[in-house]
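Undergrad: I am attaching a structure below and will ask some questions about it afterwards.
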Number of protein chains: 6
Amino acid sequence: MESQLLDEIMLKAETLIEALPYIRDFNGKKVVVKYGGSAMLDEKLQESVIKDVALLKLVGMKPIIVHGGGKEISRWLGYMGKESQWVEGLRVTDEETMEVAEMVLNKVNKHLVQMMEKLGVRAAGISGKDGGTMICDKKTVKGKDIGFVGEVREVDSELIDTLLENDFVPIIAPIGMDDKFQAYNINADDAASAIAKCIRAEKLAFMTDIDGVCMDPDDPETLLSVLPVDEAKFLIKNGTISGGMIPKIKNCIDAVENGVSRVHILDGRQEHCLLLEFYTKKGIGTAIIGDHGDLYPHEQKR
Amino acid sequence: MESQLLDEIMLKAETLIEALPYIRDFNGKKVVVKYGGSAMLDEKLQESVIKDVALLKLVGMKPIIVHGGGKEISRWLGYMGKESQWVEGLRVTDEETMEVAEMVLNKVNKHLVQMMEKLGVRAAGISGKDGGTMICDKKTVKGKDIGFVGEVREVDSELIDTLLENDFVPIIAPIGMDDKFQAYNINADDAASAIAKCIRAEKLAFMTDIDGVCMDPDDPETLLSVLPVDEAKFLIKNGTISGGMIPKIKNCIDAVENGVSRVHILDGRQEHCLLLEFYTKKGIGTAIIGDHGDLYPHEQKR
Amino acid sequence: MESQLLDEIMLKAETLIEALPYIRDFNGKKVVVKYGGSAMLDEKLQESVIKDVALLKLVGMKPIIVHGGGKEISRWLGYMGKESQWVEGLRVTDEETMEVAEMVLNKVNKHLVQMMEKLGVRAAGISGKDGGTMICDKKTVKGKDIGFVGEVREVDSELIDTLLENDFVPIIAPIGMDDKFQAYNINADDAASAIAKCIRAEKLAFMTDIDGVCMDPDDPETLLSVLPVDEAKFLIKNGTISGGMIPKIKNCIDAVENGVSRVHILDGRQEHCLLLEFYTKKGIGTAIIGDHGDLYPHEQKR
Amino acid sequence: MESQLLDEIMLKAETLIEALPYIRDFNGKKVVVKYGGSAMLDEKLQESVIKDVALLKLVGMKPIIVHGGGKEISRWLGYMGKESQWVEGLRVTDEETMEVAEMVLNKVNKHLVQMMEKLGVRAAGISGKDGGTMICDKKTVKGKDIGFVGEVREVDSELIDTLLENDFVPIIAPIGMDDKFQAYNINADDAASAIAKCIRAEKLAFMTDIDGVCMDPDDPETLLSVLPVDEAKFLIKNGTISGGMIPKIKNCIDAVENGVSRVHILDGRQEHCLLLEFYTKKGIGTAIIGDHGDLYPHEQKR
Amino acid sequence: MESQLLDEIMLKAETLIEALPYIRDFNGKKVVVKYGGSAMLDEKLQESVIKDVALLKLVGMKPIIVHGGGKEISRWLGYMGKESQWVEGLRVTDEETMEVAEMVLNKVNKHLVQMMEKLGVRAAGISGKDGGTMICDKKTVKGKDIGFVGEVREVDSELIDTLLENDFVPIIAPIGMDDKFQAYNINADDAASAIAKCIRAEKLAFMTDIDGVCMDPDDPETLLSVLPVDEAKFLIKNGTISGGMIPKIKNCIDAVENGVSRVHILDGRQEHCLLLEFYTKKGIGTAIIGDHGDLYPHEQKR
Amino acid sequence: MESQLLDEIMLKAETLIEALPYIRDFNGKKVVVKYGGSAMLDEKLQESVIKDVALLKLVGMKPIIVHGGGKEISRWLGYMGKESQWVEGLRVTDEETMEVAEMVLNKVNKHLVQMMEKLGVRAAGISGKDGGTMICDKKTVKGKDIGFVGEVREVDSELIDTLLENDFVPIIAPIGMDDKFQAYNINADDAASAIAKCIRAEKLAFMTDIDGVCMDPDDPETLLSVLPVDEAKFLIKNGTISGGMIPKIKNCIDAVENGVSRVHILDGRQEHCLLLEFYTKKGIGTAIIGDHGDLYPHEQKR
């Protein structure tokens with residue numbers, strides 16, 4: 001064998017070996033991936049996300065995908081000649097909008113199933129309606145009725161558990177029902193977080209359009225690899241974390257304080273961001289951890 | 001207690017007792033219900049179907065619903081300003097049509113899930129994509145390409161089995177994938193039949209817009225309660241069964257000859273037609289049975 | 001189909017549908033039926049009781065029958081030329097009487113098994129000796145030795161559990177053993193109650209020769225459908241419940257306070273009293289419930 | 001420790017060690033013991049039988065007892081002033097006789113349960129009615145109707161299996177039901193044999209009032225320890241086995257030819273005959289074996 | 001059969017029957033046997049120990065053997081021309097000594113496996129390295145480094161449990177690893193005790209070269225059959241237990257106080273000492289019990 | 001993040017993704033690795049082998065190691081002042097040699113266990129004695145007695161299966177026992193092959209000191225990546241495969257013809273040869289496959 005080729009394949013072997021301690025530590029652990037943002041829009045990124053999740057499954061983790069609808073909902077509403085109103089960043093959702101939103105989310109859902117199946121990994125696409133998985137309350141914004149926008153009250157993980165135990169990757173559309181079995185649209189971040197807490201996931205990963213948490217938002221060099229909950233609270237207080245980041249980080253803190261070991265904020269625009277964060281020493285995003293959360297023994301940073 | 005009231009409730013008790021032998025015989029048996037036609041259009045009929053299936057589940061059967069899209073697909077294509085072409089009764093399905101068909105079928109699917117959950121019975125809505133449940137080939141009609149219309153080649157029942165074993169009612173939209181993981185629309189009758197054969201269902205029930213098989217199609221009094229396969233073949237040969245009924249009955253014969261014990265042709269316009277056919281002596285439709293199929297011991301007719 | 005016939009069978013379907021919420025709520029729940037009194041003497045009533053229990057089993061409950069010996073024990077003692085003495089309503093039980101009582105109880109036991117098997121439902125007849133199911137102490141009445149009359153000290157439900165898990169209906173004769181493995185006769189009410197408490201049954205139903213608990217014992221119109229434990233205690237205190245009813249009701253209160261959700265006092269002379277009480281809105285007897293016992297969500301009264 | 005005492009206890013240890021290969025070979029194996037004849041009449045022998053069976057259970061076998069009624073049936077018929085008629089050694093069994101027979105058999109049944117429980121070994125007493133264990137046909141003798149005397153047609157071992165798997169010793173009274181669920185009395189030898197064949201027992205042991213099979217019936221020294229099936233057939237043919245022994249031996253041959261490894265004919269009058277036959281080198285009765293049945297590796301004779 | 005022979009075999013049957021209550025009480029219970037001392041040196045004694053343990057297994061206990069290396073380690077060091085130094089009774093263990101010790105212990109280990117397999121009982125020989133069963137710390141004696149002599153810090157019983165559940169007798173060599181996966185030699189008494197505590201064994205038996213605990217060490221007649229923990233502590237205090245017995249008895253007390261029901265000190269020089277102690281009324285050694293430890297119900301002394 | 005670093009870690013992600021189809025195809029499959037030759041002598045190679053096997057385990061395969069003793073046996077015999085005689089490449093094995101060989105093999109065995117445990121992967125070291133895993137016959141060479149050299153007659157995989165099911169990596173020393181439980185030394189290649197056939201392994205990999213099978217042994221460029229069985233037979237016939245390779249290849253052919261899907265001949269001197277052969281497209285050794293063995297769908301060569 002030529003020496004150059006040999007060097008190359010040896011490098012491959014070493015990469016696999018480098019991943020060994022992570023694979024071992026995460027074996028059998030549940031990870032919820034919130035999939036949304038830019039990572040949904042580009043076909044190559046889509047494929048990279050699905051491949052990453054497939055690999056997580058194949059090396060022994062139990063991944064679950066919770067996805068949004070990307071820009072598809074607006075596009076389909078457009079076809080229907082419908083324009084949305086927005087209140088505090090939330091789409092006012094009348095019955096027709098709800099119908100379209102659900103159709104689009106299910107379309108995306110089955111598309112992701114299809115991609116996963118194509119890789120030879122079994123997937124099952126459900127929404128929060130199936131098995132009564134997500135029960136929600138109507139959300140009001142400052143007393144204003146914004147229609148069928150729900151807020152998760154309770155997660156019943158029996159269907160998710162059934163799928164995981166039988167080796168299917170659950171792919172979940174963020175639709176819920178209230179006590180009267182009316183359908184509601186749910187924010188995908190909230191849905192992912194509620195599910196991760198209920199099943200006590202080891203990890204919850206948010207694919208976002210930012211690098212992670214930076215001390216100076218304008219300087220990617222100031223990215224925090226690890227952010228303990230206490231420090232996160234302090235950074236909110238002193239204004240380092242501000243604006244739209246506040247609810248996101250509060251969501252993370254809540255998850256860590258309610259049974260999730262680590263919440264990862266990742267840049268979904270980076271191909272294979274999940275693998276890079278989970279299976280390399282350096283990682284690429286920010287991991288929010290409990291204050292007394294021991295670092296994994298083989299880790300330098302996390 | 002007043003005597004009239006007493007009479008009335010005694011009648012109720014007797015009805016429950018009359019159902020006892022059927023409940024016993026069907027305990028743990030799988031039944032595939034093809035739900036379509038008029039029964040999908042009327043809200044009261046919808047509720048009646050879902051209640052019947054819920055009851056089948058509660059008294060110990062393992063029901064599975066395979067549904068069509070009713071008239072919704074055309075309605076939504078209309079919204080999009082799209083008109084369909086038809087070849088031999090099959091809709092020519094281009095990419096856009098396929099996309100709409102799938103969205104509508106998933107919408108119907110989740111609506112049925114919602115109704116079942118409302119009755120307190122757990123349901124999970126899937127399509128043939130999930131778990132790679134239905135693999136299909138492209139269908140051509142007389143050599144003509146009619147687009148993404150598929151014909152089931154293989155059913156992998158692992159996801160269905162998982163759901164049944166864990167006490168969920170599977171509700172299935174007739175979408176499949178080919179070897180290249182391209183989505184295809186499948187005729188719901190064919191999907192129901194393929195699934196029933198694969199899981200060796202005790203019963204396969206088609207909800208149709210006719211009474212059942214009649215010796216004289218114009219005289220409902222000539223309805224055949226039980227129709228052995230050999231006799232069915234003879235009736236096709238001698239012209240008693242003709243026209244659009246021929247492929248339907250051939251489908252039934254095929255199912256009975258490949259592992260399904262009984263195929264029921266029911267009038268979906270009749271409320272509670274499933275209960276009436278399965279749990280009363282007289283029944284209301286036509287049951288196609290194998291030639292040597294023993295009648296249930298307690299039956300007079302069937 | 002003739003319209004009159006159709007109306008009739010539609011009524012049947014609706015009765016089945018009416019039972020749906022109860023069937024769902026009681027699914028997998030254990031119910032102990034104390035079978036005795038007049039319901040044992042009439043052949044038609046016997047059949048009605050066994051059919052009811054068979055149906056409970058078939059729709060998903062886990063019924064257990066505990067039975068008495070009716071008038072058969074006295075009849076057989078008569079054959080033997082033996083006359084019984086009674087102390088405070090309890091038969092003085094010498095060795096010979098004990099032998100006859102056990103033989104008769106086992107005869108009744110196997111007769112009930114036979115009836116249940118005839119309906120196609122698997123049953124297994126045991127006594128409290130089998131598997132050491134009932135351990136008892138000798139009972140004395142006011143210091144008087146009344147022979148082999150026992151009082152349950154401990155129930156070991158392993159054999160009952162084994163039978164239930166393997167889909168047999170346990171039918172139990174009220175015979176126990178003391179620490180020295182001497183056989184004792186046990187009051188069937190006490191046996192049923194002890195077993196129901198041990199297995200934490202959802203329901204315990206006593207088939208009696210009265211309508212239920214009435215505010216005015218002479219007026220069946222004053223029947224109490226639901227009687228919370230606190231109210232029951234008050235009715236004993238103020239004398240509404242009196243005489244022979246007191247120990248019966250105290251037994252019920254004890255059961256509800258020790259793990260049984262509801263105790264039903266039913267008129268065994270009424271055909272299908274079990275079905276009518278469990279599966280219709282109105283019910284026909286009195287249900288003793290815990291004070292904070294939530295009504296089943298679909299119930300008006302109970 | 002005194003040397004004499006030491007010798008004595010060393011002898012005990014050696015006896016346990018001698019049993020080691022048999023205990024190992026029979027571990028988990030099913031053995032059906034037909035218990036009847038003289039061994040039922042003497043209290044000391046009764047205790048010895050029950051202790052032996054308890055020990056079989058404790059060292060890992062799965063024993064099942066099938067018992068007769070001994071002389072009790074006649075005694076109780078006597079109490080009732082009833083005299084039996086006999087046809088070819090079978091009691092003509094009218095309805096009243098059947099009733100008494102069943103009561104007595106159940107009485108014996110529960111007495112054996114009680115003795116086994118006293119030794120701390122769990123037992124469950126059933127008859128062939130329970131779980132529909134024994135289905136039988138009416139027996140006629142030379143065309144003569146002899147009443148409710150049955151002949152086993154089919155054994156359903158589900159209840160027996162359930163009890164064995166859950167560590168109860170099944171004790172079985174030889175009562176069966178015909179297709180119409182009428183009770184019948186069954187010969188205990190036949191019942192034991194039918195059950196042993198159905199569950200493919202390793203061993204079937206008949207406790208009789210003879211030593212075993214002897215070449216010269218009058219000389220116990222001619223006892224055959226092992227009798228291969230072919231030889232047994234020859235001995236019947238040449239008249240060595242004659243009279244009442246013929247049906248017994250044919251029964252044994254039938255069992256060996258239908259799934260039972262060994263049938264043992266033991267002298268029930270000999271205390272601990274089961275242990276002595278199974279756990280000592282020499283044995284004490286006759287073992288009927290298949291012709292190609294390998295001897296257990298550690299055996300000299302058997 | 002000759003009467004003398006009959007007497008002899010009856011005696012055997014009675015011995016088996018005498019063992020019945022013990023077999024019943026110990027069924028499924030775990031027992032750790034520390035095998036060492038003189039019992040390892042004599043071939044006949046070796047065979048007796050292995051047979052005893054095999055029988056314990058066959059009558060339903062779950063035995064585990066922890067063994068030492070006897071005089072073999074010194075013998076092999078001799079071959080190598082190596083002489084050992086001793087500090088406070090512990091061998092100073094340099095790397096070479098450790099290597100030899102491990103080789104010898106594994107040799108003994110596999111020899112015991114071989115003997116057990118020869119009796120037809122499945123065994124699996126492991127050391128504390130396998131499955132990370134024993135994690136230890138380096139032991140120092142009065143601040144002196146004595147090399148690779150370890151002291152058990154933690155037992156992980158997963159491999160032992162796996163073997164027990166699958167019906168293998170675990171035979172364990174007392175080698176452990178420290179946190180850096182360096183091998184250490186462990187005192188066999190300590191290893192047996194640590195394992196017994198971790199798996200909450202019913203019994204822990206030490207085979208020693210003494211009779212048991214005697215009030216007067218020079219008079220075997222003063223042997224204590226049963227020694228409650230409190231009394232043992234008192235005997236240490238008042239000097240009755242002295243010298244080398246003190247750490248041994250403290251080890252026993254510690255085991256009883258940490259989950260082991262009984263610790264037996266047995267004379268390994270006595271053939272079948274395990275059977276005699278466990279299955280006869282009198283026993284032959286000393287059983288250390290908890291103060292409130294109930295005697296087994298059938299026991300006179302223990 | 002710097003672009004160069006990013007490139008590097010992206011390469012890592014892609015390597016993981018490249019392995020995805022292989023990881024998926026081999027999930028849950030058993031692979032037997034024969035570990036011997038040069039790969040045992042160099043510490044770095046040792047570590048590489050153990051890491052590779054650990055990774056196989058972590059990504060879902062079920063690996064089993066069968067190892068030889070390398071040059072250690074001779075070294076220890078040397079310590080003992082013992083010199084070996086050889087017959088046809090087999091060491092004449094007298095009792096003393098056997099003792100030393102077993103000790104050394106067990107030493108190597110536990111050392112491998114220790115290395116695997118250090119990586120956080122559970123391992124259990126056994127020999128063919130444990131659980132009676134390998135039963136062998138004495139081997140004679142041309143009628144000459146060469147002592148305790150065995151040839152595998154039968155593999156009982158129960159202990160191996162138990163370990164695999166409970167997530168331990170079995171590491172096996174090639175020692176067996178004959179029918180009289182005498183220990184024998186077995187050639188490690190033969191042991192690996194016999195075990196692989198018995199458990200119907202997906203893969204059997206031999207670590208050798210050659211590159212694989214080359215058309216021209218002197219030119220590594222002529223390496224055959226895939227060698228169908230028929231072709232292998234032809235190459236033996238025409239002399240391409242010759243000398244010491246013949247028995248090795250015959251062993252491979254035999255394995256493929258008896259239930260093993262693929263046998264890999266690998267160069268153990270190449271670091272990470274297992275990973276490179278199994279998880280990269282190109283592979284590095286020779287895979288012997290059945291003639292009709294389908295290539296894995298994603299493979300170019302294999």
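Chain identifiers are assigned as A, B, and so on, following the order in which chains appear in the structure tokens; residues are numbered from 1 within each chain, and ligands are numbered from 1 in order of appearance.
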What are the closest atom pairs, with distances in Å to one decimal, for each residue of chain D lying within 6 Å of chain C, using only C-alpha atoms, rows by chain and rising residue number, as CSV?
TA:
residue,atom,partner,partner_atom,distance
D:Met103,CA,C:Met103,CA,5.4
D:Lys107,CA,C:Met103,CA,5.7
D:Arg122,CA,C:Gly131,CA,5.1
D:Ala123,CA,C:Gly131,CA,5.3
D:Ala124,CA,C:Asp130,CA,4.7
D:Asp130,CA,C:Ala124,CA,4.7
D:Gly131,CA,C:Arg122,CA,5.1
Undergrad: Give me, as an MDAnalysis selection string, all polymer residues having an atom no more than 7 Å from stretch 70-74 of chain E, counting only C-alpha atoms and skipping those fewer than 4 positions away in the same chain.
TA: chainID E and resid 36:37 40 78 101 104
Undergrad: Let's have the selection written as a PDB file, in the first residue's frame, with N, CA and C atoms.
TA:
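Contents of the output file out32.pdb:
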ATOM      1  N   GLY E  36      -9.790 -22.470  51.559  1.00  0.00           N
ATOM      2  CA  GLY E  36      -8.348 -22.297  51.722  1.00  0.00           C
ATOM      3  C   GLY E  36      -7.817 -23.243  52.796  1.00  0.00           C
ATOM      4  N   GLY E  37      -6.606 -23.013  53.236  1.00  0.00           N
ATOM      5  CA  GLY E  37      -6.016 -23.796  54.322  1.00  0.00           C
ATOM      6  C   GLY E  37      -5.792 -25.259  53.954  1.00  0.00           C
ATOM      7  N   MET E  40      -7.191 -27.317  51.023  1.00  0.00           N
ATOM      8  CA  MET E  40      -6.687 -27.187  49.659  1.00  0.00           C
ATOM      9  C   MET E  40      -5.568 -28.171  49.371  1.00  0.00           C
ATOM     10  N   GLY E  78       9.775 -20.595  44.537  1.00  0.00           N
ATOM     11  CA  GLY E  78      10.957 -21.418  44.733  1.00  0.00           C
ATOM     12  C   GLY E  78      11.573 -21.859  43.411  1.00  0.00           C
ATOM     13  N   ALA E 101       2.263 -14.910  41.607  1.00  0.00           N
ATOM     14  CA  ALA E 101       1.076 -15.137  42.438  1.00  0.00           C
ATOM     15  C   ALA E 101      -0.182 -15.225  41.557  1.00  0.00           C
ATOM     16  N   VAL E 104      -0.279 -18.490  39.593  1.00  0.00           N
ATOM     17  CA  VAL E 104      -0.612 -19.644  40.426  1.00  0.00           C
ATOM     18  C   VAL E 104      -2.091 -19.621  40.815  1.00  0.00           C
TER      19      VAL E 104
END
Undergrad: Check the DSSP output for the backbone and give back, as an MDAnalysis selection string, the residues of stretch 101-286 of chain B in strand (DSSP E).
TA: chainID B and resid 123:127 134:141 144:155 169:173 175:177 183:186 203:208 226:228 262:267 286
Undergrad: Based on the selection just made, write C-alpha atoms of those residues as a short mmCIF file (atom, residue, chain, number, x, y, z; two decimals), in the first residue's frame.
TA:
data_model
loop_
_atom_site.label_atom_id
_atom_site.label_comp_id
_atom_site.auth_asym_id
_atom_site.auth_seq_id
_atom_site.Cartn_x
_atom_site.Cartn_y
_atom_site.Cartn_z
CA ALA B 123 -53.67 6.07 18.96
CA ALA B 124 -50.57 6.69 16.87
CA GLY B 125 -50.80 8.08 13.37
CA ILE B 126 -48.18 6.90 10.91
CA SER B 127 -47.77 6.61 7.18
CA MET B 134 -44.72 0.14 2.97
CA ILE B 135 -42.24 -0.32 0.13
CA CYS B 136 -43.81 0.09 -3.30
CA ASP B 137 -43.17 -0.01 -7.02
CA LYS B 138 -44.26 2.61 -9.52
CA LYS B 139 -47.57 1.70 -11.08
CA THR B 140 -48.11 2.09 -14.78
CA VAL B 141 -51.48 1.87 -16.44
CA LYS B 144 -48.72 5.01 -19.38
CA ASP B 145 -46.73 6.90 -16.72
CA ILE B 146 -49.21 8.29 -14.22
CA GLY B 147 -46.64 9.73 -11.86
CA PHE B 148 -46.16 8.95 -8.20
CA VAL B 149 -48.83 6.27 -7.89
CA GLY B 150 -47.41 3.20 -6.18
CA GLU B 151 -48.31 -0.41 -5.78
CA VAL B 152 -47.29 -2.15 -2.56
CA ARG B 153 -44.45 -4.61 -2.97
CA GLU B 154 -43.64 -5.35 0.62
CA VAL B 155 -44.95 -4.54 4.07
CA VAL B 169 -54.24 1.87 17.77
CA PRO B 170 -52.18 2.37 14.59
CA ILE B 171 -53.85 4.77 12.15
CA ILE B 172 -52.16 4.56 8.77
CA ALA B 173 -52.04 6.95 5.81
CA ILE B 175 -48.17 6.67 1.49
CA GLY B 176 -45.23 4.46 0.61
CA MET B 177 -41.66 4.74 -0.58
CA ALA B 183 -42.73 8.95 -1.83
CA TYR B 184 -45.73 7.43 -3.62
CA ASN B 185 -49.46 7.62 -3.19
CA ILE B 186 -51.10 4.23 -2.71
CA LYS B 203 -60.57 -9.64 9.81
CA LEU B 204 -60.29 -7.01 7.10
CA ALA B 205 -63.29 -4.68 6.83
CA PHE B 206 -63.92 -2.39 3.87
CA MET B 207 -66.24 0.53 4.52
CA THR B 208 -67.91 1.13 1.19
CA VAL B 226 -71.65 -14.97 3.81
CA LEU B 227 -69.85 -15.54 0.55
CA PRO B 228 -67.32 -18.37 0.28
CA ARG B 262 -62.60 -13.04 6.80
CA VAL B 263 -63.05 -9.96 4.68
CA HIS B 264 -66.15 -7.88 5.38
CA ILE B 265 -67.76 -5.54 2.86
CA LEU B 266 -69.79 -3.05 4.86
CA ASP B 267 -72.00 -0.10 4.16
CA THR B 286 -71.16 -9.49 3.33
#
Undergrad: Need to verify the contact set: stretch 188-196 of chain B, 7 Å, only C-alpha atoms, exclusion of same-chain residues closer than 3 positions in sequence. Can you return it as a PyMOL selection string?
TA: chain B and resi 32+34+66-68+152+155+174+199-201+204+255+260
Undergrad: Go ahead and dump the residues you just picked, N, CA and C atoms, as a compact mmCIF listing (two decimals), in the first residue's frame.
TA:
# COMPACT_ATOMS: atom_id res chain seq x y z
N VAL B 32 -58.12 -5.17 10.48
CA VAL B 32 -57.76 -3.99 9.71
C VAL B 32 -59.04 -3.37 9.15
N LYS B 34 -60.47 -0.61 6.66
CA LYS B 34 -60.24 0.37 5.61
C LYS B 34 -61.36 1.39 5.75
N VAL B 66 -56.75 1.93 8.27
CA VAL B 66 -56.08 2.45 7.09
C VAL B 66 -57.10 3.36 6.40
N HIS B 67 -56.73 4.60 6.15
CA HIS B 67 -57.73 5.53 5.67
C HIS B 67 -57.34 6.15 4.33
N GLY B 68 -58.33 6.66 3.65
CA GLY B 68 -58.09 7.43 2.44
C GLY B 68 -58.12 8.92 2.75
N VAL B 152 -48.06 -1.61 -3.68
CA VAL B 152 -47.29 -2.15 -2.56
C VAL B 152 -46.52 -3.40 -2.97
N VAL B 155 -44.60 -5.21 2.83
CA VAL B 155 -44.95 -4.54 4.07
C VAL B 155 -44.00 -5.02 5.15
N PRO B 174 -52.02 6.01 3.54
CA PRO B 174 -51.50 5.13 2.49
C PRO B 174 -50.43 5.81 1.61
N ILE B 199 -49.81 -9.01 8.37
CA ILE B 199 -49.93 -9.27 9.82
C ILE B 199 -50.89 -10.43 10.09
N ARG B 200 -51.35 -11.08 9.03
CA ARG B 200 -52.30 -12.19 9.15
C ARG B 200 -53.46 -11.81 10.06
N ALA B 201 -54.17 -10.78 9.65
CA ALA B 201 -55.31 -10.28 10.42
C ALA B 201 -56.45 -11.30 10.42
N LEU B 204 -60.57 -8.22 7.87
CA LEU B 204 -60.29 -7.01 7.10
C LEU B 204 -61.65 -6.47 6.71
N ALA B 255 -57.04 -11.58 -0.35
CA ALA B 255 -56.75 -11.47 1.09
C ALA B 255 -57.08 -12.78 1.81
N VAL B 260 -55.80 -13.88 5.66
CA VAL B 260 -56.85 -13.18 6.40
C VAL B 260 -58.05 -14.13 6.52
Undergrad: Provide the atom CA of D:Leu56 to atom CA of D:Ser38 distance in Å, to one decimal place.
TA: 21.3 Å
